[in-house]
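Below is run-v1.tsv, holding TSV, N, CA, C and O atoms.
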```tsv
chain	number	residue	atom	x	y	z
A	1	MET	N	7.89	-14.10	-7.65
A	1	MET	CA	7.34	-13.04	-8.47
A	1	MET	C	8.46	-12.38	-9.28
A	1	MET	O	9.55	-12.18	-8.79
A	2	ASN	N	8.15	-12.01	-10.50
A	2	ASN	CA	9.14	-11.36	-11.34
A	2	ASN	C	8.92	-9.84	-11.36
A	2	ASN	O	8.03	-9.33	-10.70
A	3	GLN	N	9.73	-9.14	-12.14
A	3	GLN	CA	9.64	-7.68	-12.21
A	3	GLN	C	8.28	-7.22	-12.73
A	3	GLN	O	7.77	-6.21	-12.30
A	4	TYR	N	7.69	-7.97	-13.67
A	4	TYR	CA	6.37	-7.60	-14.18
A	4	TYR	C	5.34	-7.66	-13.06
A	4	TYR	O	4.52	-6.76	-12.90
A	5	ASP	N	5.40	-8.72	-12.27
A	5	ASP	CA	4.47	-8.85	-11.15
A	5	ASP	C	4.69	-7.75	-10.13
A	5	ASP	O	3.74	-7.24	-9.53
A	6	LYS	N	5.95	-7.37	-9.92
A	6	LYS	CA	6.28	-6.31	-8.98
A	6	LYS	C	5.64	-5.00	-9.43
A	6	LYS	O	5.00	-4.32	-8.64
A	7	LYS	N	5.80	-4.68	-10.71
A	7	LYS	CA	5.23	-3.44	-11.24
A	7	LYS	C	3.71	-3.49	-11.21
A	7	LYS	O	3.04	-2.51	-10.87
A	8	LYS	N	3.14	-4.63	-11.54
A	8	LYS	CA	1.69	-4.80	-11.53
A	8	LYS	C	1.14	-4.61	-10.11
A	8	LYS	O	0.13	-3.92	-9.92
A	9	LEU	N	1.80	-5.20	-9.13
A	9	LEU	CA	1.36	-5.06	-7.75
A	9	LEU	C	1.52	-3.62	-7.27
A	9	LEU	O	0.65	-3.08	-6.58
A	10	LEU	N	2.61	-2.97	-7.66
A	10	LEU	CA	2.81	-1.58	-7.28
A	10	LEU	C	1.75	-0.67	-7.91
A	10	LEU	O	1.23	0.23	-7.25
A	11	ASN	N	1.39	-0.94	-9.15
A	11	ASN	CA	0.31	-0.18	-9.80
A	11	ASN	C	-1.02	-0.40	-9.08
A	11	ASN	O	-1.82	0.53	-8.93
A	12	TYR	N	-1.26	-1.63	-8.64
A	12	TYR	CA	-2.49	-1.93	-7.89
A	12	TYR	C	-2.50	-1.17	-6.56
A	12	TYR	O	-3.53	-0.59	-6.18
A	13	ILE	N	-1.37	-1.14	-5.89
A	13	ILE	CA	-1.26	-0.40	-4.62
A	13	ILE	C	-1.55	1.08	-4.86
A	13	ILE	O	-2.28	1.71	-4.09
A	14	ASP	N	-1.01	1.63	-5.94
A	14	ASP	CA	-1.28	3.03	-6.28
A	14	ASP	C	-2.78	3.26	-6.51
A	14	ASP	O	-3.35	4.25	-6.05
A	15	ALA	N	-3.42	2.35	-7.24
A	15	ALA	CA	-4.84	2.51	-7.56
A	15	ALA	C	-5.72	2.45	-6.31
A	15	ALA	O	-6.61	3.30	-6.13
A	16	VAL	N	-5.49	1.46	-5.45
A	16	VAL	CA	-6.33	1.36	-4.25
A	16	VAL	C	-6.00	2.48	-3.27
A	16	VAL	O	-6.89	2.94	-2.55
A	17	SER	N	-4.77	2.94	-3.26
A	17	SER	CA	-4.40	4.07	-2.41
A	17	SER	C	-5.13	5.33	-2.86
A	17	SER	O	-5.66	6.09	-2.04
A	18	PHE	N	-5.18	5.55	-4.18
A	18	PHE	CA	-5.92	6.69	-4.72
A	18	PHE	C	-7.40	6.60	-4.34
A	18	PHE	O	-8.00	7.58	-3.89
A	19	ALA	N	-7.98	5.43	-4.52
A	19	ALA	CA	-9.40	5.24	-4.20
A	19	ALA	C	-9.64	5.47	-2.70
A	19	ALA	O	-10.66	6.06	-2.32
A	20	LEU	N	-8.72	5.03	-1.88
A	20	LEU	CA	-8.85	5.21	-0.43
A	20	LEU	C	-8.80	6.69	-0.07
A	20	LEU	O	-9.63	7.19	0.70
A	21	ILE	N	-7.85	7.42	-0.64
A	21	ILE	CA	-7.73	8.85	-0.36
A	21	ILE	C	-8.94	9.61	-0.89
A	21	ILE	O	-9.48	10.49	-0.20
A	22	ASP	N	-9.38	9.27	-2.08
A	22	ASP	CA	-10.54	9.93	-2.67
A	22	ASP	C	-11.80	9.70	-1.82
A	22	ASP	O	-12.57	10.63	-1.57
A	23	THR	N	-11.98	8.46	-1.37
A	23	THR	CA	-13.13	8.14	-0.52
A	23	THR	C	-13.01	8.87	0.82
A	23	THR	O	-14.01	9.36	1.36
A	24	ASN	N	-11.80	8.97	1.33
A	24	ASN	CA	-11.57	9.69	2.58
A	24	ASN	C	-11.98	11.16	2.44
A	24	ASN	O	-12.64	11.72	3.32
A	25	LEU	N	-11.62	11.77	1.32
A	25	LEU	CA	-12.00	13.17	1.09
A	25	LEU	C	-13.52	13.33	1.02
A	25	LEU	O	-14.08	14.30	1.55
A	26	TYR	N	-14.17	12.39	0.37
A	26	TYR	CA	-15.63	12.43	0.29
A	26	TYR	C	-16.24	12.31	1.70
A	26	TYR	O	-17.18	13.04	2.05
A	27	LEU	N	-15.69	11.41	2.48
A	27	LEU	CA	-16.22	11.19	3.83
A	27	LEU	C	-16.00	12.41	4.74
A	27	LEU	O	-16.73	12.58	5.72
A	28	ASP	N	-15.01	13.23	4.41
A	28	ASP	CA	-14.80	14.46	5.19
A	28	ASP	C	-16.03	15.35	5.15
A	28	ASP	O	-16.32	16.06	6.11
A	29	THR	N	-16.74	15.32	4.03
A	29	THR	CA	-17.93	16.17	3.89
A	29	THR	C	-19.24	15.40	3.97
A	29	THR	O	-20.31	16.00	4.00
A	30	HIS	N	-19.15	14.06	3.97
A	30	HIS	CA	-20.35	13.21	4.05
A	30	HIS	C	-20.09	12.09	5.07
A	30	HIS	O	-20.06	10.91	4.72
A	31	PRO	N	-19.89	12.45	6.33
A	31	PRO	CA	-19.46	11.46	7.34
A	31	PRO	C	-20.48	10.38	7.67
A	31	PRO	O	-20.11	9.37	8.28
A	32	ASN	N	-21.72	10.55	7.26
A	32	ASN	CA	-22.74	9.55	7.59
A	32	ASN	C	-23.14	8.68	6.42
A	32	ASN	O	-24.12	7.94	6.50
A	33	ASP	N	-22.39	8.75	5.33
A	33	ASP	CA	-22.71	7.97	4.13
A	33	ASP	C	-22.21	6.53	4.33
A	33	ASP	O	-21.02	6.24	4.21
A	34	LYS	N	-23.13	5.64	4.64
A	34	LYS	CA	-22.80	4.24	4.94
A	34	LYS	C	-22.13	3.55	3.75
A	34	LYS	O	-21.17	2.79	3.93
A	35	LYS	N	-22.63	3.80	2.56
A	35	LYS	CA	-22.05	3.17	1.37
A	35	LYS	C	-20.60	3.61	1.17
A	35	LYS	O	-19.73	2.80	0.86
A	36	ALA	N	-20.32	4.88	1.38
A	36	ALA	CA	-18.95	5.39	1.25
A	36	ALA	C	-18.04	4.81	2.34
A	36	ALA	O	-16.88	4.48	2.07
A	37	MET	N	-18.58	4.66	3.54
A	37	MET	CA	-17.79	4.04	4.62
A	37	MET	C	-17.45	2.59	4.29
A	37	MET	O	-16.34	2.12	4.55
A	38	ASP	N	-18.41	1.89	3.69
A	38	ASP	CA	-18.16	0.50	3.27
A	38	ASP	C	-17.07	0.45	2.21
A	38	ASP	O	-16.19	-0.41	2.25
A	39	HIS	N	-17.12	1.39	1.25
A	39	HIS	CA	-16.08	1.46	0.21
A	39	HIS	C	-14.73	1.75	0.84
A	39	HIS	O	-13.72	1.15	0.49
A	40	PHE	N	-14.71	2.70	1.78
A	40	PHE	CA	-13.46	3.06	2.46
A	40	PHE	C	-12.85	1.83	3.14
A	40	PHE	O	-11.66	1.56	2.98
A	41	ASN	N	-13.67	1.09	3.86
A	41	ASN	CA	-13.18	-0.10	4.55
A	41	ASN	C	-12.69	-1.16	3.56
A	41	ASN	O	-11.68	-1.82	3.81
A	42	GLN	N	-13.37	-1.29	2.44
A	42	GLN	CA	-12.96	-2.25	1.41
A	42	GLN	C	-11.60	-1.85	0.82
A	42	GLN	O	-10.71	-2.70	0.68
A	43	TYR	N	-11.42	-0.58	0.48
A	43	TYR	CA	-10.15	-0.12	-0.08
A	43	TYR	C	-9.03	-0.20	0.95
A	43	TYR	O	-7.90	-0.54	0.61
A	44	GLN	N	-9.34	0.11	2.18
A	44	GLN	CA	-8.33	0.05	3.23
A	44	GLN	C	-7.83	-1.39	3.42
A	44	GLN	O	-6.63	-1.63	3.54
A	45	LYS	N	-8.76	-2.32	3.44
A	45	LYS	CA	-8.40	-3.74	3.58
A	45	LYS	C	-7.57	-4.20	2.38
A	45	LYS	O	-6.55	-4.89	2.55
A	46	ALA	N	-7.99	-3.82	1.17
A	46	ALA	CA	-7.25	-4.21	-0.04
A	46	ALA	C	-5.84	-3.62	-0.03
A	46	ALA	O	-4.88	-4.30	-0.40
A	47	ARG	N	-5.71	-2.39	0.39
A	47	ARG	CA	-4.39	-1.74	0.42
A	47	ARG	C	-3.47	-2.42	1.44
A	47	ARG	O	-2.31	-2.70	1.14
A	48	LYS	N	-4.00	-2.68	2.62
A	48	LYS	CA	-3.19	-3.35	3.64
A	48	LYS	C	-2.71	-4.71	3.16
A	48	LYS	O	-1.56	-5.08	3.36
A	49	GLN	N	-3.60	-5.45	2.53
A	49	GLN	CA	-3.26	-6.78	2.03
A	49	GLN	C	-2.20	-6.67	0.92
A	49	GLN	O	-1.24	-7.44	0.89
A	50	ALA	N	-2.36	-5.73	0.02
A	50	ALA	CA	-1.40	-5.56	-1.08
A	50	ALA	C	-0.04	-5.11	-0.56
A	50	ALA	O	1.00	-5.59	-1.02
A	51	LEU	N	-0.02	-4.20	0.42
A	51	LEU	CA	1.25	-3.76	1.01
A	51	LEU	C	1.96	-4.92	1.70
A	51	LEU	O	3.19	-5.05	1.62
A	52	LYS	N	1.18	-5.75	2.37
A	52	LYS	CA	1.74	-6.92	3.04
A	52	LYS	C	2.35	-7.89	2.02
A	52	LYS	O	3.46	-8.41	2.22
A	53	GLU	N	1.63	-8.12	0.93
A	53	GLU	CA	2.13	-9.01	-0.11
A	53	GLU	C	3.39	-8.44	-0.77
A	53	GLU	O	4.36	-9.16	-1.02
A	54	TYR	N	3.39	-7.14	-1.03
A	54	TYR	CA	4.56	-6.50	-1.64
A	54	TYR	C	5.77	-6.62	-0.71
A	54	TYR	O	6.87	-6.95	-1.15
A	55	ALA	N	5.57	-6.36	0.57
A	55	ALA	CA	6.67	-6.45	1.54
A	55	ALA	C	7.20	-7.88	1.63
A	55	ALA	O	8.41	-8.09	1.74
A	56	ARG	N	6.31	-8.84	1.58
A	56	ARG	CA	6.72	-10.25	1.68
A	56	ARG	C	7.54	-10.67	0.46
A	56	ARG	O	8.51	-11.40	0.59
A	57	ASN	N	7.19	-10.19	-0.72
A	57	ASN	CA	7.86	-10.60	-1.94
A	57	ASN	C	9.02	-9.70	-2.38
A	57	ASN	O	9.90	-10.16	-3.10
A	58	PHE	N	9.01	-8.44	-1.96
A	58	PHE	CA	10.03	-7.50	-2.42
A	58	PHE	C	10.67	-6.78	-1.23
A	58	PHE	O	11.65	-7.24	-0.68
A	59	GLU	N	10.09	-5.64	-0.84
A	59	GLU	CA	10.55	-4.89	0.32
A	59	GLU	C	9.38	-4.08	0.83
A	59	GLU	O	8.43	-3.82	0.09
A	60	PRO	N	9.42	-3.68	2.10
A	60	PRO	CA	8.31	-2.88	2.62
A	60	PRO	C	8.28	-1.49	2.00
A	60	PRO	O	9.33	-0.87	1.79
A	61	LEU	N	7.09	-1.01	1.67
A	61	LEU	CA	6.93	0.33	1.13
A	61	LEU	C	6.59	1.34	2.21
A	61	LEU	O	6.81	2.53	2.06
A	62	THR	N	6.03	0.85	3.30
A	62	THR	CA	5.66	1.71	4.42
A	62	THR	C	6.19	1.08	5.71
A	62	THR	O	6.40	-0.13	5.77
A	63	ILE	N	6.37	1.88	6.71
A	63	ILE	CA	6.91	1.38	7.97
A	63	ILE	C	5.97	0.36	8.60
A	63	ILE	O	6.43	-0.61	9.22
A	64	ASP	N	4.68	0.52	8.42
A	64	ASP	CA	3.75	-0.43	9.03
A	64	ASP	C	3.67	-1.75	8.28
A	64	ASP	O	3.07	-2.70	8.76
A	65	SER	N	4.33	-1.85	7.12
A	65	SER	CA	4.39	-3.15	6.43
A	65	SER	C	5.75	-3.81	6.60
A	65	SER	O	6.00	-4.87	6.04
A	66	ALA	N	6.62	-3.18	7.39
A	66	ALA	CA	7.94	-3.75	7.65
A	66	ALA	C	7.86	-4.74	8.81
A	66	ALA	O	7.17	-4.49	9.80
A	67	ASP	N	8.55	-5.87	8.68
A	67	ASP	CA	8.65	-6.82	9.77
A	67	ASP	C	9.86	-6.44	10.62
A	67	ASP	O	10.98	-6.40	10.13
A	68	ILE	N	9.61	-6.17	11.87
A	68	ILE	CA	10.69	-5.79	12.78
A	68	ILE	C	10.89	-6.96	13.75
A	68	ILE	O	10.07	-7.21	14.61
A	69	ASP	N	11.99	-7.67	13.55
A	69	ASP	CA	12.29	-8.80	14.43
A	69	ASP	C	13.39	-8.39	15.41
A	69	ASP	O	13.15	-7.62	16.31
A	70	ASP	N	14.58	-8.89	15.18
A	70	ASP	CA	15.68	-8.59	16.10
A	70	ASP	C	16.59	-7.48	15.58
A	70	ASP	O	17.54	-7.09	16.23
A	71	HIS	N	16.31	-6.96	14.38
A	71	HIS	CA	17.15	-5.93	13.79
A	71	HIS	C	16.26	-4.95	13.02
A	71	HIS	O	15.45	-5.37	12.19
A	72	PHE	N	16.41	-3.68	13.27
A	72	PHE	CA	15.60	-2.67	12.61
A	72	PHE	C	16.25	-2.29	11.29
A	72	PHE	O	17.20	-1.53	11.23
A	73	THR	N	15.73	-2.85	10.19
A	73	THR	CA	16.35	-2.65	8.88
A	73	THR	C	15.65	-1.59	8.04
A	73	THR	O	16.11	-1.28	6.95
A	74	TRP	N	14.56	-1.03	8.51
A	74	TRP	CA	13.80	-0.07	7.72
A	74	TRP	C	14.70	1.08	7.23
A	74	TRP	O	14.65	1.46	6.07
A	75	ALA	N	15.51	1.62	8.11
A	75	ALA	CA	16.32	2.78	7.74
A	75	ALA	C	17.66	2.39	7.12
A	75	ALA	O	18.35	3.24	6.57
A	76	THR	N	18.04	1.13	7.18
A	76	THR	CA	19.34	0.74	6.65
A	76	THR	C	19.27	0.07	5.29
A	76	THR	O	20.25	0.03	4.57
A	77	ASP	N	18.11	-0.47	4.92
A	77	ASP	CA	17.94	-1.05	3.59
A	77	ASP	C	17.79	0.08	2.58
A	77	ASP	O	17.38	1.19	2.93
A	78	SER	N	18.05	-0.20	1.32
A	78	SER	CA	17.88	0.83	0.29
A	78	SER	C	16.39	1.06	0.06
A	78	SER	O	15.57	0.16	0.19
A	79	TRP	N	16.06	2.28	-0.27
A	79	TRP	CA	14.68	2.67	-0.51
A	79	TRP	C	14.27	2.19	-1.90
A	79	TRP	O	15.10	2.00	-2.78
A	80	PRO	N	12.96	1.98	-2.14
A	80	PRO	CA	12.52	1.44	-3.42
A	80	PRO	C	13.03	2.23	-4.63
A	80	PRO	O	13.41	1.66	-5.64
A	81	TRP	N	13.08	3.56	-4.54
A	81	TRP	CA	13.51	4.37	-5.68
A	81	TRP	C	15.03	4.36	-5.85
A	81	TRP	O	15.54	4.81	-6.87
A	82	MET	N	15.77	3.81	-4.88
A	82	MET	CA	17.22	3.73	-4.98
A	82	MET	C	17.66	2.41	-5.63
A	82	MET	O	18.81	2.27	-6.03
A	83	LYS	N	16.77	1.47	-5.72
A	83	LYS	CA	17.10	0.18	-6.30
A	83	LYS	C	17.13	0.29	-7.81
A	83	LYS	O	16.55	1.19	-8.41
A	84	ARG	N	17.77	-0.65	-8.44
A	84	ARG	CA	17.86	-0.66	-9.89
A	84	ARG	C	16.45	-0.71	-10.50
A	84	ARG	O	15.64	-1.53	-10.14
A	85	GLY	N	16.18	0.18	-11.41
A	85	GLY	CA	14.88	0.23	-12.05
A	85	GLY	C	13.91	1.16	-11.36
A	85	GLY	O	12.90	1.55	-11.92
A	86	GLY	N	14.18	1.53	-10.11
A	86	GLY	CA	13.33	2.46	-9.37
A	86	GLY	C	11.92	1.92	-9.15
A	86	GLY	O	11.66	0.75	-9.26
A	87	CYS	N	11.04	2.82	-8.82
A	87	CYS	CA	9.64	2.47	-8.57
A	87	CYS	C	8.88	2.31	-9.85
A	87	CYS	O	9.05	2.98	-10.77
```
Using structure tokens, write down the structure from this file.
Amino acid sequence: MNQYDKKKLLNYIDAVSFALIDTNLYLDTHPNDKKAMDHFNQYQKARKQALKEYARNFEPLTIDSADIDDHFTWATDSWPWMKRGGC
């Protein structure tokens, strides 16, 4: 993947994250809305998949998308905004 793909994937993660948070807020006041729960689950699945793909091709954006094998690199690698070009 190139830098364009990286930015495109990051924009997608932002969009599904926004949709997930927005749906979550709606569900706070409408907890029995089945259609909203289905949307929430759809956005959550899409976000998890996108975060996993981003981590595999670039670097993890969240701790739960980091692969922890024999060395904990989450805190020792540079953060996305510290890299050349930033987020």
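Straight-line separation from atom C of Tyr26 of chain A to atom N of Ser65 of chain A: 25.6 Å.
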Box centre and edge lengths (Å, one decimal), axis-aligned, segment 29-39 of chain A plus 8 Å each side, as JSON:
```
{"center_x": -18.9, "center_y": 7.9, "center_z": 4.2, "size_x": 26.4, "size_y": 32.6, "size_z": 24.1}
```
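When only C-alpha atoms are used to measure the gap to Lys52 of chain A, the shortest distance among A:Leu20, A:Leu25, A:Leu9, A:Ala36 belongs to A:Leu9.
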field: Residues within 10 Å of segment 13-17 of chain A, only C-alpha atoms, excluding chain neighbours under 3 positions, as a list in words
entry: Lys7, Lys8, Leu9, Leu10, Leu20, Ile21, Asp22, Thr23, Phe40, Gln42, Tyr43, Gln44, Lys45, Ala46, Arg47, Lys48, Gln49, Ala50, Leu51 and Tyr54 of chain A
- request: Could you please determine the separation between atom O of Phe18 of chain A and atom CA of Ile68 of chain A in Å, to one decimal place?
  value: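 Value for the atom O of Phe18 of chain A-atom CA of Ile68 of chain A distance: 28.4 Å.
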Length of the atom C of Ala55 of chain A to atom CA of Lys6 of chain A vector [Å]: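 Spanning atom C of Ala55 of chain A to atom CA of Lys6 of chain A is a straight-line distance of 10.8 Å.
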